[in-house]
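K.L.:
The structure is given below, and queries will be raised subsequently.
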Amino acid sequence: MELYRERAERLISESKAYRCYCTPEELEARRQAAREKNENTRYDGHCRDRRDQPDLPFVVRFRTPQAGATSFTDLIHGPITIVNSELDDLVIIRADKTPTYNFSVVIDDMDMGITHVIRGDDHINNTPRQVLIYQALGLNPPLFGHLPMIHGADRTKLSKRHGATAVIEYRKDGYLPQAMVNYLARLGWGYKDEEIFTPDDLIGKFDLKDVSKSAAIFNPEKLLWLNQQYMMKESNENLLELARPFLDPAAAAFSREPLLKVAEIFKPRAKTLVEIGEQSRFLFSEAIEPDPEAAKKFLTPEAKVLLSELVLKLRDLAVFNESEIESAFRQIVEAKGIKLGKVAQPVRVALTGKTVSPGLFEIMVILGKEKTLARIESALARIPAP
């Protein structure tokens, strides 16, 4: 704080800033009078040439040049020029002796040797003011680059209703860190037609000249798609570790092999780690409550005969793997002269409670012989005798 005040006093001593004793009430009265006359309401320079120093509260204002123009070359938008007469004498030190933003950032960046200021283009209007302060202090301003703002699909400023939230919330929602980095890097920037970038790709290919001048659109569906692409690229081992916090607590009782199978079969079906947890929950449940419509359609007296025969064949299997399970199904299908779906769909409803799921034989292997038989027998108990 002392440093800010020292720099402000230096500007005052060089007649590049001055003390302003105007009260808030006086300022508002003059603004109101200007409004009534349809005139500009910025500060009118009332204390600009004041020489007395009364024992009254004051702010320190920067003495903006009244003639000429201030120019800078933006790294993204190119040359920008503002006529100085459009700028007022901004406050650099408040009455409570604290610095304002436009003054403090100049002092901070100067002391830290900042060479490039990259920020949102909502700050473009602040830049001429800051350039003038740098010049008043005898300094060369840093290079400025103003990035486009991020808008929602309706092209209005991004807000929570568009899905904007703290990045930690995306982790809780099951998004992968590398997908978020990729998506955020692509907002307002592009490289040819490429969509997916590793961190090394981004470092090697990023250039400010490729940043768009117009607002970027935050598209939750695009982020979801990108997250799925990254999940698909993960090995089953890595995906399992990422998904563990999102799995049903009962998954802890399963060995590693069936859990790796969970990662494998839900990888192409889920878009987030949360979805893996939700879609796989039926595997870890103690009991399955079939969807009423699914049960009505597939858990029929006709199906009871087929399920009863399947239970006997599955119970006799010495090895409970996909090929042996499929063989048991085929034996029934061929003996009855029916399509596989006649057996598979009732089994699917018995095991998952639904009519749609990942591969049925894969599910049965994950559940294991004991749980598979228990669920089919539970479904059988629901079906009245033919």
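Residue names in the structure tokens use chain letters A, B, ... in the order shown, residue numbers from 1 in each chain, and ligand numbers from 1 in the order shown.
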Would you give me, as a PyMOL selection string, the residues in range 203-354 of chain A that DSSP reads as helix (DSSP H, G or I)?
P.N.:
chain A and resi 203-205+208-210+220-233+236-246+249-253+256-266+273-279+281-284+292-298+301-315+322-336+341-352
K.L.:
With a distance cut-off of 12 Å and only C-alpha atoms, select the neighbouring residues of Arg315 in chain A, excluding the residue or stretch itself and same-chain residues fewer than 4 positions from it, and output the selection as a ChimeraX atom specification.
P.N.:
/A:308-311,319-320,324-325,328,368-374,376-377
K.L.:
Tell me, as a tab-separated table (two decimals) with N, CA and C atoms, in the first residue's frame, which residues lie within 10 Å of Ile332 in chain A, counting only C-alpha atoms; anything in the same chain fewer than 5 positions away does not count.
P.N.:
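Final output, saved to around-v8.tsv:
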```
chain	number	residue	atom	x	y	z
A	306	LEU	N	-38.29	-71.60	-20.26
A	306	LEU	CA	-36.95	-71.40	-20.81
A	306	LEU	C	-35.93	-71.05	-19.73
A	307	LEU	N	-36.35	-70.18	-18.80
A	307	LEU	CA	-35.44	-69.77	-17.71
A	307	LEU	C	-35.12	-70.95	-16.79
A	309	GLU	N	-34.98	-74.11	-17.63
A	309	GLU	CA	-34.01	-74.97	-18.31
A	309	GLU	C	-32.62	-74.34	-18.29
A	310	LEU	N	-32.57	-73.01	-18.47
A	310	LEU	CA	-31.28	-72.31	-18.49
A	310	LEU	C	-30.59	-72.43	-17.14
A	313	LYS	N	-28.79	-75.69	-16.87
A	313	LYS	CA	-27.58	-75.75	-17.69
A	313	LYS	C	-26.46	-74.89	-17.11
A	327	SER	N	-22.82	-71.09	-25.09
A	327	SER	CA	-23.12	-72.46	-25.50
A	327	SER	C	-24.39	-72.97	-24.83
A	337	GLY	N	-35.97	-74.56	-31.26
A	337	GLY	CA	-36.23	-73.96	-32.57
A	337	GLY	C	-36.70	-72.53	-32.47
A	338	ILE	N	-36.11	-71.79	-31.55
A	338	ILE	CA	-36.51	-70.39	-31.34
A	338	ILE	C	-35.32	-69.46	-31.56
A	339	LYS	N	-35.60	-68.15	-31.61
A	339	LYS	CA	-34.52	-67.16	-31.73
A	339	LYS	C	-33.90	-66.90	-30.37
A	340	LEU	N	-32.64	-66.45	-30.40
A	340	LEU	CA	-31.89	-66.20	-29.16
A	340	LEU	C	-32.60	-65.21	-28.25
A	343	VAL	N	-34.85	-66.18	-25.28
A	343	VAL	CA	-34.23	-66.52	-24.00
A	343	VAL	C	-33.49	-65.32	-23.43
```
K.L.:
Could you produce a table of the residues of range 124-180 of chain A lying within 12 Å of range 58-69 of chain A, with the nearest pair of atoms per residue and their separation in Å rounded to one decimal, using only C-alpha atoms, ordered by chain and increasing residue number, as CSV?
P.N.:
```
residue,atom,partner,partner_atom,distance
A:Pro128,CA,A:Ala69,CA,9.2
A:Arg129,CA,A:Thr64,CA,8.2
A:Gln130,CA,A:Phe62,CA,10.5
A:Val131,CA,A:Thr64,CA,10.9
A:Leu132,CA,A:Thr64,CA,7.5
A:Ile133,CA,A:Phe62,CA,7.9
A:Tyr134,CA,A:Phe62,CA,11.6
A:Gln135,CA,A:Thr64,CA,11.0
A:Ala136,CA,A:Phe62,CA,9.4
A:Leu137,CA,A:Phe62,CA,11.5
```
K.L.:
Distance table requested - range 276-382 of chain A against range 172-185 of chain A, cut-off 12 Å, only C-alpha atoms: one row per qualifying residue with the closest atom pair and its distance in Å to one decimal, ordered by chain and rising residue number, as CSV.
P.N.:
```
residue,atom,partner,partner_atom,distance
A:Ile276,CA,A:Gly174,CA,8.9
A:Gly277,CA,A:Gly174,CA,9.4
A:Glu278,CA,A:Gly174,CA,11.1
```
K.L.:
Just the selected residues (C-alpha atoms), exported as a CSV table (one decimal), in the first residue's frame, please.
P.N.:
```
chain,number,residue,atom,x,y,z
A,276,ILE,CA,-20.4,-45.3,-15.6
A,277,GLY,CA,-21.5,-45.4,-11.9
A,278,GLU,CA,-25.1,-44.9,-12.7
```
K.L.:
Please list as a tab-separated table (two decimals) with C-alpha atoms, in the first residue's frame every residue within 9 Å of Val349 in chain A, counting only C-alpha atoms and excluding residues in the same chain fewer than 6 positions away.
P.N.:
```
chain	number	residue	atom	x	y	z
A	290	PRO	CA	-37.60	-55.21	-12.83
A	291	ASP	CA	-39.26	-52.41	-14.72
A	294	ALA	CA	-40.35	-55.02	-19.05
A	295	ALA	CA	-41.50	-57.69	-16.59
A	298	PHE	CA	-40.73	-60.68	-20.97
A	299	LEU	CA	-41.21	-62.43	-17.61
A	355	THR	CA	-34.62	-54.39	-21.66
A	356	VAL	CA	-31.40	-52.67	-22.76
A	379	ALA	CA	-37.33	-63.62	-11.48
```
K.L.:
For range 116-126 of chain A, please output as a PyMOL selection string all residues within 9 Å (counting only C-alpha atoms; exclusion window: fewer than 6 positions along the same chain).
P.N.:
chain A and resi 75+82+102+109+142-149+213
K.L.:
Quote the spacing between CA of Arg48 in chain A and CA of Thr100 in chain A in Å to one decimal place.
P.N.:
18.8 Å
K.L.:
Provide the CA of Val106 in chain A to CA of Thr70 in chain A distance in Å, to one decimal place.
P.N.:
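So the answer is 16.1 Å.
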K.L.:
Could you pull out the residues in range 59-237 of chain A that DSSP calls strand (DSSP E) from the backbone, as a ChimeraX atom specification?
P.N.:
/A:59-62,69-74,78-83,91-93,116-120,143-147,150-151,216-217
K.L.:
May I have the residues within 7 Å of Trp189 in chain A as a list in words, using only C-alpha atoms and disregarding those fewer than 2 positions away in the same chain?
P.N.:
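What passes the distance filter is Ala185, Arg186, Leu187, Asp210, Val211 and Ser212 of chain A.
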K.L.:
Please produce a file of the residues just selected, as a PDB file, in the first residue's frame, where the atoms kept are N, CA and C atoms.
P.N.:
```
ATOM      1  N   ALA A 185      -9.072 -24.934 -23.748  1.00  0.00           N
ATOM      2  CA  ALA A 185      -8.084 -24.397 -24.687  1.00  0.00           C
ATOM      3  C   ALA A 185      -8.714 -24.075 -26.036  1.00  0.00           C
ATOM      4  N   ARG A 186      -9.735 -24.847 -26.413  1.00  0.00           N
ATOM      5  CA  ARG A 186     -10.376 -24.655 -27.718  1.00  0.00           C
ATOM      6  C   ARG A 186     -11.411 -23.533 -27.722  1.00  0.00           C
ATOM      7  N   LEU A 187     -11.770 -23.010 -26.566  1.00  0.00           N
ATOM      8  CA  LEU A 187     -12.741 -21.916 -26.520  1.00  0.00           C
ATOM      9  C   LEU A 187     -12.076 -20.633 -27.022  1.00  0.00           C
ATOM     10  N   ASP A 210      -3.917 -17.120 -33.626  1.00  0.00           N
ATOM     11  CA  ASP A 210      -5.030 -18.001 -33.988  1.00  0.00           C
ATOM     12  C   ASP A 210      -6.244 -17.836 -33.071  1.00  0.00           C
ATOM     13  N   VAL A 211      -6.151 -16.919 -32.111  1.00  0.00           N
ATOM     14  CA  VAL A 211      -7.278 -16.672 -31.214  1.00  0.00           C
ATOM     15  C   VAL A 211      -8.332 -15.836 -31.939  1.00  0.00           C
ATOM     16  N   SER A 212      -9.573 -16.237 -31.800  1.00  0.00           N
ATOM     17  CA  SER A 212     -10.674 -15.526 -32.466  1.00  0.00           C
ATOM     18  C   SER A 212     -10.909 -14.158 -31.828  1.00  0.00           C
TER      19      SER A 212
END
```
K.L.:
I want to know what sits within 8 Å of Thr300 in chain A, based on only C-alpha atoms, with residues of the same chain fewer than 4 positions away left out; could you give that as a PyMOL selection string?
P.N.:
chain A and resi 295-296+304+383-384
K.L.:
Could you dump the residues just selected with N, CA and C atoms as an mmCIF file, in the first residue's frame?
P.N.:
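Written output follows (result.cif):
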```
data_model
loop_
_atom_site.group_PDB
_atom_site.id
_atom_site.type_symbol
_atom_site.label_atom_id
_atom_site.label_comp_id
_atom_site.auth_asym_id
_atom_site.auth_seq_id
_atom_site.Cartn_x
_atom_site.Cartn_y
_atom_site.Cartn_z
ATOM 1 N N ALA A 295 -41.101 -56.417 -17.215
ATOM 2 C CA ALA A 295 -41.496 -57.687 -16.592
ATOM 3 C C ALA A 295 -42.761 -58.240 -17.251
ATOM 4 N N LYS A 296 -43.722 -57.354 -17.511
ATOM 5 C CA LYS A 296 -44.985 -57.777 -18.121
ATOM 6 C C LYS A 296 -44.756 -58.380 -19.505
ATOM 7 N N LYS A 304 -40.858 -68.680 -18.395
ATOM 8 C CA LYS A 304 -40.517 -69.429 -17.173
ATOM 9 C C LYS A 304 -39.947 -70.805 -17.515
ATOM 10 N N ILE A 383 -42.908 -65.213 -11.627
ATOM 11 C CA ILE A 383 -43.741 -65.627 -12.770
ATOM 12 C C ILE A 383 -44.697 -66.745 -12.334
ATOM 13 N N PRO A 384 -45.990 -66.576 -12.599
ATOM 14 C CA PRO A 384 -46.939 -67.680 -12.278
ATOM 15 C C PRO A 384 -46.687 -68.864 -13.191
#
```
K.L.:
Would you compute the distance between CA of Lys342 in chain A and CA of Leu380 in chain A? Give it in Å to one decimal.
P.N.:
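Computing the Euclidean distance for CA of Lys342 in chain A and CA of Leu380 in chain A yields 15.1 Å.
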K.L.:
Would you mind telling me which residue in A:Pro268, A:Pro301, A:Pro358, A:Pro141 lies nearest to Ser280 in chain A when using only C-alpha atoms?
P.N.:
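The closest residue to Ser280 in chain A is A:Pro358.
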K.L.:
Check which residues of range 72-140 of chain A sit at most 9 Å from range 17-38 of chain A using only C-alpha atoms, and return one row each with the closest pair of atoms and their distance in Å to one decimal, ordered by chain and rising number, as CSV.
P.N.:
```
residue,atom,partner,partner_atom,distance
A:Asp89,CA,A:Ala17,CA,8.6
A:Val91,CA,A:Cys20,CA,8.8
A:Ile92,CA,A:Ala17,CA,8.7
```
